Each structure stands twice: as structure tokens, then as C-alpha cells.
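First the structure, in the form of C-alpha cells, and then the observations on it.
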Amino acid sequence: MGTSWKHWIMALLLGSAAALAGAQQPASAPAASMPVNPAVQSAQPLSNIVSENVFDLKKRDLAKEAKDQAARRTTQPGNNAPVWREVNSDQAHYASIPGLEAGVLIQRTGQKWRLFRNGVITVWGGWLVVLVPLLILGVFLWRGPIRLKEAPTGRVIERFTPTERYVHWTMAISFVTLGVSGIIMLWGKHFLLPVMGHQLFGWLTYVLKNLHNLLGPLFTVSIIVAFVIWVRDNLPRSGDLKWLLTLGGMFSSEHGAEVPSHRFNAGEKIWFWVGMVMLGLVLSVSGWMLDRIVPGVDYYRSTMQLGEIIHAIAAVGIICLSLVHIYVGTIGMEGAYRAMREGYVDETWAKEHHELWYDDVKAGKIPAQRSQPPAARPSEQPAKL
Ligand code: HEM
């Protein structure tokens with residue numbers, strides 16, 4: 001009885017028939033001597049990740065095993081369990097094929113990796129990837145988009161030069177393609193396979209996997225260039241802490257009372273350092289390992305398994321953060337998307353969202369136009385300061 005409620009909670013969380021089946025089993029545990037074969041265990045998150053502590057290993061009675069096996073050979077002719085036990089013990093045997101670990105037919109950690117990927121990561125990561133957009137939708141319905149309080153002046157300031165925009169969109173387009181293909185590779189069999197069927201889904205994942213492998217290095221290069229061009233404006237400055245503590249004034253009773261910030265506010269700086277730099281680099285390094293293009297590395301199966309786990313966890317993290325960034329950069333804030341599409345913001349936007357940056361532009365410390373001026377726009381003139 002003691003464990004059955006846990007099984008029910010697990011079953012509710014996972015929708016797993018296997019977990020429910022576990023709940024209906026009699027309370028008596030299987031005999032301690034019965035070998036547990038991980039390959040036939042239900043894939044319940046965490047429950048199958050067992051310790052490899054040397055003190056946990058049972059002492060083997062080799063004489064008894066030999067006697068039992070001799071007895072089994074008479075009742076079950078053809079039974080050669082000892083051979084398969086050897087095969088399933090991570091030992092390297094002779095193989096004529098060259099290559100790392102070619103002599104290891106079954107690598108047992110592979111089963112643990114599979115259970116972790118297809119249980120812990122898909123279940124908990126899946127919840128996060130579903131809950132974060134719901135949370136964002138909640139904020140959108142509650143607060144609505146952040147609109148300008150004053151009317152636009154018609155005078156504009158250059159916020160991003162064409163180089164900055166090319167780099168940003170290379171990063172964004174490669175990231176979104178990598179994210180969508182990654183999601184389909186990780187969860188597609190649960191939501192696309194039943195709709196598409198095996199043949200189409202097989203082709204789709206084959207194409208997406210190769211696209212994913214090719215675009216990964218482009219994403220890495222784009223984040224390195226973005227780092228170089230934006231690091232200066234993302235260094236911590238006074239006022240960032242206040243912005244963070246009040247979340248930029250988002251929850252202030254005075255609707256839209258924003259804490260003044262320089263070119264990038266503390267929220268953007270967190271996205272820069274945690275999302276783009278930290279998670280982007282972890283994702284890149286593990287991705288290059290999975291692509292097997294890092295020179296001098298011995299690509300054991302365990303190297304790939306560890307690389308995949310790190311890659312998937314970093315991917316879930318950056319996808320969740322990017323959803324917040326994409327929301328604020330599109331429907332969440334009036335005028336933000338235009339800044340990155342066209343490169344310009346209205347003076348009112350600059351004053352309301354990045355007042356200290358606006359003051360610096362007004363004081364002539366930062367030029368209002370940093371790149372070659374665009375061809376005259378019909379509706380707007382470059383800022384006259
Ligand atoms: C479709 C996806 C995306 C959209 C719509 C989008 C939109 C935007 C917009 C509108 C801005 C300007 C914000 C401002 O003026 O302050 C911006 C800035 C920025 N974006 Fe994106 N973005 C996307 C994806 C990405 C991705 C994938 C990354 C990096 C992995 C990224 C990294 C940045 C950075 C670093 C900045 C400069 C602000 C800062 O340093 O924090 N963006 N984005």
C-alpha cells in the first residue's frame with residue numbers, strides 16, 4: 001500500500017500505463033534473488049537510474065552458478081545464459097572490425113542513458129516547454145502588450161546597425177530551425193508520428209537531423225560574433241539591480257512605470273549572459289561533440305551519451321528562455337520588433353524603455369545614426385537632435 005500512491009501520482013504525471021500496472025501489483029516485492037533486467041523494466045523517470053556503487057554489487061557464488069546452469073541445461077536444452085551474461089557485462093572481447101569499443105557488443109550504460117533521455121528529459125523537459133508558453137500567455141492576457149504611453153515623435157534613433165541585424169537574424173533563424181528540428185527529434189514520435197505515419201515521419205526526421213547537424217556550427221559562429229558586438233553594452237551597470245528587483249517595474253501598481261536603463265536593460269543582459277553566452281556555448285560545445293567534429297576527442301559511446309544529456313538539458317533551458325525573449329521582441333512590446341527588423345526606434349520608445357541610453361544619445365555621447373543613413377523614408381526623418 002505504501003508505494004501504491006506514488007505509483008498513482010507517477011501514472012498521473014506520466015500518463016504511463018506501466019506506472020499504473022506497477023500500482024496494481026501485490027505489495028510483495030519480487031524475490032531478492034530474481035535478476036532484474038533493465039531492458040524489460042518500464043521506463044519510469046528516476047526509478048531506473050540505479051547506483052553502480054561497488055559496495056552494492058552482490059557477491060557471486062560462482063560454484064553455485066555453474067551448478068545451477070548445469071541443471072538448467074538438462075531442463076532447458078540450448079540455454080546458454082552465461083554467454084549472454086558475459087556479453088552484457090561491458091567487457092571488451094575480440095572483434096576484427098577496427099574502431100573504439102568495437103569489441104564491446106552491449107554497453108550497459110546505454111540502457112541508463114536511454115531511460116534518462118526517454119523518461120526524465122522528455123517528461124520534465126516536455127512539461128517545461130509546454131508550461132512556459134502557457135505562463136507567457138497568462139502574462140499577456142493579464143498585462144497585455146507594453147504600449148507607448150506618449151505619442152511617437154516621428155524622429156528616429158538607430159538602435160541596431162545592419163551588421164547587428166544580419167548577425168541577430170542569422171542567430172535567430174538558425175536557432176529556431178535547430179529548436180524546431182530538435183523538438184521533433186525528441187518528442188515528435190509522441191505528437192507527429194501518430195498523425196503522419198512511420199514512412200513520412202522517418203523521412204522528416206532524417207532530413208531534420210541532417211539540417212540540425214549542419215546548422216549547429218552556423219549558430220555557434222553567430223553567437224560568437226554577437227558576443228563580440230554586444231558584450232560592451234551588456235556589462236553590468238548601476239541600475240541593473242533595481243531593474244531586476246522590480247522586474248523593470250512590470251508589477252508596479254503604476255502601470256508601465258519602467259526603471260530607466262542604458263542600451264540594454266537587466267532582463268536583456270540576463271538573456272545575453274545566461275541564454276546566449278552560457279547556454280548557447282554549452283549547447284554548441286556538446287553539439288560539436290555530437291557532430292563528432294571536435295578534434296582530438298575519443299568518441300566512446302559514453303562520451304556521446306553524456307554529450308546528448310548535456311545538449312538536451314541546455315536545449316530545454318535555452319528554448320524556455322528564448323520564448324520569453326521572442327514574446328517581448330514581438331507581441332509583448334510595441335515597437336521592439338521594428339527595432340530589430342528596420343534598425344530604428346522612435347524617440348518616444350527610446351525615452352520610455354531605455355531612458356539612460358536616450359539621454360546619452362541626446363547628450364551626443366552616442367551617435368543617433370551609427371551606420372550609413374538609409375535611403376530617405378517617406379514617413380520618417382532621421383533624428384534631429
Ligand atoms: C524569432 C526569434 C527572435 C526574435 C523575434 C527576436 C527579437 C529581438 C528583438 C526585437 C530584439 C531587440 C530588443 C531591443 O531593442 O532591445 C532582440 C535583441 C536581441 N536578441 Fe533576439 N530575437 C529572436 C531570437 C534570438 C535568439 C535565438 C538569440 C540568441 C540565441 C537572440 C539574441 C538577442 C540578443 C543578444 C539581443 C540584444 C539584446 C541583448 O543583448 O540582450 N535573439 N531580439
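Identifiers in this document derive from the order of the C-alpha cells: chains are assigned A, B, ..., residues are numbered from 1 separately in each chain, and ligands are numbered from 1 in order of occurrence.
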
Exercise for the section: Within 6 Å of ligand 1, which residues show up when you count only C-alpha atoms and all ligand atoms? List them as a PyMOL selection string, please. Expected result: chain A and resi 171-172+175+230+234+264+268-269+271-272+276+326+329-330+336-337+339-340

If you keep C-alpha atoms, can you produce a file of those selected residues as a PDB file, in the first residue's frame?
```
ATOM      1  CA  MET A 171      21.332  33.602 -34.965  1.00  0.00           C
ATOM      2  CA  ALA A 172      17.536  33.705 -34.635  1.00  0.00           C
ATOM      3  CA  PHE A 175      18.191  28.845 -33.605  1.00  0.00           C
ATOM      4  CA  TRP A 230      27.217  43.341 -27.899  1.00  0.00           C
ATOM      5  CA  ASN A 234      25.725  44.066 -21.773  1.00  0.00           C
ATOM      6  CA  PHE A 264      20.103  47.039 -22.780  1.00  0.00           C
ATOM      7  CA  GLU A 268      18.171  41.655 -21.756  1.00  0.00           C
ATOM      8  CA  LYS A 269      21.537  41.269 -20.056  1.00  0.00           C
ATOM      9  CA  TRP A 271      19.212  36.751 -21.757  1.00  0.00           C
ATOM     10  CA  PHE A 272      22.589  37.747 -23.199  1.00  0.00           C
ATOM     11  CA  MET A 276      23.066  33.323 -25.422  1.00  0.00           C
ATOM     12  CA  ILE A 326      10.692  36.181 -28.577  1.00  0.00           C
ATOM     13  CA  GLY A 329      10.537  41.056 -29.024  1.00  0.00           C
ATOM     14  CA  THR A 330       7.251  40.561 -30.914  1.00  0.00           C
ATOM     15  CA  ALA A 336      10.535  46.233 -30.263  1.00  0.00           C
ATOM     16  CA  TYR A 337      10.299  44.043 -33.354  1.00  0.00           C
ATOM     17  CA  ALA A 339      13.927  47.904 -33.870  1.00  0.00           C
ATOM     18  CA  MET A 340      15.419  44.625 -34.988  1.00  0.00           C
TER      19      MET A 340
END
```

Practice task
With a distance cut-off of 10 Å and only C-alpha atoms, select the neighbouring residues of Val328 in chain A, excluding the residue or stretch itself and same-chain residues fewer than 4 positions from it, and output the selection as a list in words.
Solution key: Ile136, Phe140, Pro145, Ile146, Ser322, Leu323, Val324, Gly332, Met333, Glu334, Ala336 and Tyr337 of chain A

Practice task
Between CA of Ala315 in chain A and CA of Glu164 in chain A, measure the distance and give it in Å to one decimal.
Solution key: 24.1 Å

Exercise for the section: Excluding Ala350 in chain A and residues on its chain fewer than 6 positions from it, collect all residues at most 12 Å away from it, counting only C-alpha atoms, and give them as JSON, numbers by chain. Expected result: {"A": [148, 149, 150, 152, 153, 155, 156, 157, 158, 159, 258, 260, 261, 262, 263, 264, 265, 334, 335, 336, 339, 344, 356, 357, 358, 359, 360, 361, 362, 368, 383]}

Please save N, CA and C atoms of the selected residues as a compact mmCIF listing (two decimals), in the first residue's frame.
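What ended up in result_9.txt:
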```
# COMPACT_ATOMS: atom_id res chain seq x y z
N LEU A 148 3.34 52.20 -25.91
CA LEU A 148 3.93 53.51 -25.65
C LEU A 148 2.91 54.35 -24.91
N LYS A 149 3.39 55.14 -23.94
CA LYS A 149 2.44 55.98 -23.19
C LYS A 149 2.23 57.32 -23.90
N GLU A 150 3.32 57.80 -24.50
CA GLU A 150 3.24 59.08 -25.22
C GLU A 150 3.14 58.81 -26.72
N PRO A 152 4.24 58.81 -30.62
CA PRO A 152 5.54 58.82 -31.29
C PRO A 152 5.85 60.21 -31.84
N THR A 153 7.13 60.58 -31.83
CA THR A 153 7.50 61.92 -32.29
C THR A 153 7.72 61.98 -33.80
N ARG A 155 10.56 61.24 -34.96
CA ARG A 155 12.02 61.31 -35.06
C ARG A 155 12.58 59.97 -34.58
N VAL A 156 13.55 59.44 -35.35
CA VAL A 156 14.02 58.09 -35.00
C VAL A 156 15.50 58.07 -34.62
N ILE A 157 15.86 57.04 -33.87
CA ILE A 157 17.26 56.81 -33.46
C ILE A 157 17.64 55.43 -33.96
N GLU A 158 18.88 55.31 -34.45
CA GLU A 158 19.29 53.99 -34.92
C GLU A 158 19.62 53.11 -33.71
N ARG A 159 18.90 52.00 -33.58
CA ARG A 159 19.14 51.11 -32.43
C ARG A 159 20.08 49.97 -32.81
N GLU A 258 8.53 52.28 -15.91
CA GLU A 258 9.72 51.47 -16.17
C GLU A 258 10.96 52.05 -15.51
N PRO A 260 14.62 53.19 -15.43
CA PRO A 260 15.49 53.64 -16.54
C PRO A 260 16.65 52.68 -16.75
N SER A 261 17.01 52.47 -18.00
CA SER A 261 18.15 51.58 -18.27
C SER A 261 18.98 52.16 -19.42
N HIS A 262 20.19 51.63 -19.54
CA HIS A 262 21.06 52.02 -20.65
C HIS A 262 20.59 51.29 -21.91
N ARG A 263 21.51 51.04 -22.86
CA ARG A 263 21.07 50.46 -24.15
C ARG A 263 20.32 49.14 -23.96
N PHE A 264 20.82 48.28 -23.07
CA PHE A 264 20.10 47.04 -22.78
C PHE A 264 19.75 47.02 -21.30
N ASN A 265 18.52 46.59 -20.98
CA ASN A 265 18.14 46.53 -19.57
C ASN A 265 18.62 45.21 -18.95
N GLU A 334 5.31 46.91 -27.85
CA GLU A 334 5.10 47.70 -29.06
C GLU A 334 6.42 48.32 -29.52
N GLY A 335 6.75 48.17 -30.79
CA GLY A 335 7.93 48.84 -31.35
C GLY A 335 9.24 48.08 -31.25
N ALA A 336 9.26 46.95 -30.45
CA ALA A 336 10.54 46.23 -30.26
C ALA A 336 10.93 45.51 -31.55
N ALA A 339 12.54 47.54 -34.16
CA ALA A 339 13.93 47.90 -33.87
C ALA A 339 14.88 46.91 -34.51
N TYR A 344 15.57 50.94 -36.45
CA TYR A 344 15.28 52.26 -35.86
C TYR A 344 14.17 52.19 -34.83
N LEU A 356 18.25 56.03 -20.04
CA LEU A 356 19.65 56.45 -19.87
C LEU A 356 20.38 56.43 -21.22
N TRP A 357 20.02 55.46 -22.06
CA TRP A 357 20.59 55.39 -23.42
C TRP A 357 20.12 56.60 -24.23
N TYR A 358 18.83 56.91 -24.10
CA TYR A 358 18.26 58.06 -24.80
C TYR A 358 18.97 59.35 -24.36
N ASP A 359 19.21 59.48 -23.03
CA ASP A 359 19.89 60.68 -22.53
C ASP A 359 21.29 60.81 -23.13
N ASP A 360 21.99 59.65 -23.25
CA ASP A 360 23.34 59.66 -23.83
C ASP A 360 23.29 60.07 -25.30
N VAL A 361 22.26 59.61 -26.01
CA VAL A 361 22.13 59.99 -27.42
C VAL A 361 21.86 61.50 -27.51
N LYS A 362 20.97 61.96 -26.63
CA LYS A 362 20.63 63.40 -26.63
C LYS A 362 21.85 64.25 -26.31
N ALA A 368 23.24 59.21 -32.94
CA ALA A 368 21.88 58.74 -33.22
C ALA A 368 21.87 57.90 -34.49
N ALA A 383 16.71 61.15 -36.72
CA ALA A 383 16.52 62.04 -35.57
C ALA A 383 17.27 63.35 -35.74
```

Fill in the blank from the handout: Students should find that CA of Leu306 in chain A and CA of Val120 in chain A are spaced 14.2 Å

Handout entry: Backbone DSSP call of strand (DSSP E) for range 92-304 of chain A, listed as a VMD selection string
Key = chain A and resid 155 to 158

For C-alpha atoms, I'd like the residues from the last selection saved as a CSV table (one decimal), in the first residue's frame.
```
chain,number,residue,atom,x,y,z
A,155,ARG,CA,12.0,61.3,-35.1
A,156,VAL,CA,14.0,58.1,-35.0
A,157,ILE,CA,17.3,56.8,-33.5
A,158,GLU,CA,19.3,54.0,-34.9
```

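Distances here use only C-alpha atoms; by that measure, the residue among A:Leu192, A:Ile319, A:Met250, A:Met278 closest to Trp142 in chain A is A:Met250.
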
Exercise for the section: Give me, please, the distance in Å between CA of Gly125 in chain A and CA of Leu137 in chain A, quoted to one decimal. Expected result: 18.8 Å

Exercise for the section: Would you return as a ChimeraX atom specification the members of range 106-217 of chain A that DSSP assigns to helix (DSSP H, G or I) on this structure's backbone? Expected result: /A:109-143,162-191,193-196,198-217

Please produce a file of those selected residues containing C-alpha atoms, as a short mmCIF file (atom, residue, chain, number, x, y, z; two decimals), in the first residue's frame.
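Once everything was written out, this is result-v6.cif:
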```cif
data_model
loop_
_atom_site.label_atom_id
_atom_site.label_comp_id
_atom_site.auth_asym_id
_atom_site.auth_seq_id
_atom_site.Cartn_x
_atom_site.Cartn_y
_atom_site.Cartn_z
CA THR A 109 25.21 2.49 -19.60
CA GLY A 110 23.38 2.83 -22.91
CA GLN A 111 20.26 1.49 -21.25
CA LYS A 112 20.52 4.04 -18.43
CA TRP A 113 21.10 6.82 -20.94
CA ARG A 114 18.03 5.67 -22.90
CA LEU A 115 15.85 5.67 -19.78
CA PHE A 116 17.11 9.11 -18.75
CA ARG A 117 16.56 10.59 -22.21
CA ASN A 118 13.19 8.96 -22.80
CA GLY A 119 11.94 9.43 -19.26
CA VAL A 120 13.43 12.25 -17.25
CA ILE A 121 14.28 14.61 -20.11
CA THR A 122 11.25 14.02 -22.30
CA VAL A 123 8.82 14.17 -19.35
CA TRP A 124 10.19 17.04 -17.25
CA GLY A 125 11.62 18.92 -20.23
CA GLY A 126 8.32 18.42 -22.05
CA TRP A 127 6.37 19.91 -19.14
CA LEU A 128 8.67 22.96 -19.12
CA VAL A 129 8.39 23.51 -22.86
CA VAL A 130 4.58 23.40 -22.55
CA LEU A 131 4.23 25.36 -19.28
CA VAL A 132 6.48 28.30 -20.18
CA PRO A 133 4.36 29.36 -23.21
CA LEU A 134 1.23 28.98 -21.03
CA LEU A 135 2.80 31.23 -18.41
CA ILE A 136 3.69 33.78 -21.09
CA LEU A 137 0.12 33.60 -22.41
CA GLY A 138 -1.08 34.25 -18.84
CA VAL A 139 1.12 37.37 -18.55
CA PHE A 140 -0.08 38.54 -21.97
CA LEU A 141 -3.74 38.13 -21.02
CA TRP A 142 -3.14 39.77 -17.63
CA ARG A 143 -0.96 42.75 -18.60
CA PRO A 162 22.62 46.46 -40.48
CA THR A 163 25.58 44.29 -39.33
CA GLU A 164 23.96 43.82 -35.93
CA ARG A 165 20.68 42.91 -37.57
CA TYR A 166 22.24 40.40 -40.00
CA VAL A 167 24.04 38.73 -37.11
CA HIS A 168 20.89 38.71 -34.98
CA TRP A 169 18.69 37.21 -37.69
CA THR A 170 21.31 34.59 -38.62
CA MET A 171 21.33 33.60 -34.96
CA ALA A 172 17.54 33.70 -34.64
CA ILE A 173 16.71 31.82 -37.85
CA SER A 174 19.34 29.13 -37.25
CA PHE A 175 18.19 28.85 -33.60
CA VAL A 176 14.50 28.48 -34.46
CA THR A 177 15.31 25.85 -37.12
CA LEU A 178 17.53 24.00 -34.65
CA GLY A 179 14.87 24.27 -31.93
CA VAL A 180 12.01 23.02 -34.12
CA SER A 181 14.06 20.14 -35.57
CA GLY A 182 15.34 19.26 -32.08
CA ILE A 183 11.81 19.24 -30.64
CA ILE A 184 10.66 16.93 -33.45
CA MET A 185 13.64 14.62 -32.88
CA LEU A 186 12.98 14.45 -29.13
CA TRP A 187 9.17 14.50 -28.87
CA GLY A 188 8.00 14.05 -32.48
CA LYS A 189 7.21 10.38 -32.04
CA HIS A 190 4.58 11.33 -29.46
CA PHE A 191 2.73 14.03 -31.39
CA LEU A 193 4.23 10.05 -35.71
CA PRO A 194 0.61 9.13 -34.90
CA VAL A 195 -0.59 11.79 -37.37
CA MET A 196 1.96 11.26 -40.17
CA HIS A 198 6.08 5.90 -39.97
CA GLN A 199 7.18 6.49 -43.57
CA LEU A 200 6.67 10.25 -43.67
CA PHE A 201 7.88 10.75 -40.12
CA GLY A 202 11.00 8.71 -40.89
CA TRP A 203 11.83 10.91 -43.88
CA LEU A 204 11.05 14.11 -41.99
CA THR A 205 13.30 13.27 -39.05
CA TYR A 206 16.05 12.10 -41.41
CA VAL A 207 16.01 15.46 -43.22
CA LEU A 208 15.69 17.47 -40.00
CA LYS A 209 18.51 15.57 -38.30
CA ASN A 210 20.91 16.44 -41.13
CA LEU A 211 19.71 20.03 -41.22
CA HIS A 212 20.22 20.20 -37.45
CA ASN A 213 23.78 18.85 -37.75
CA LEU A 214 24.66 21.38 -40.46
CA LEU A 215 23.06 24.47 -38.89
CA GLY A 216 24.59 23.89 -35.44
CA PRO A 217 28.04 25.25 -36.37
#
```
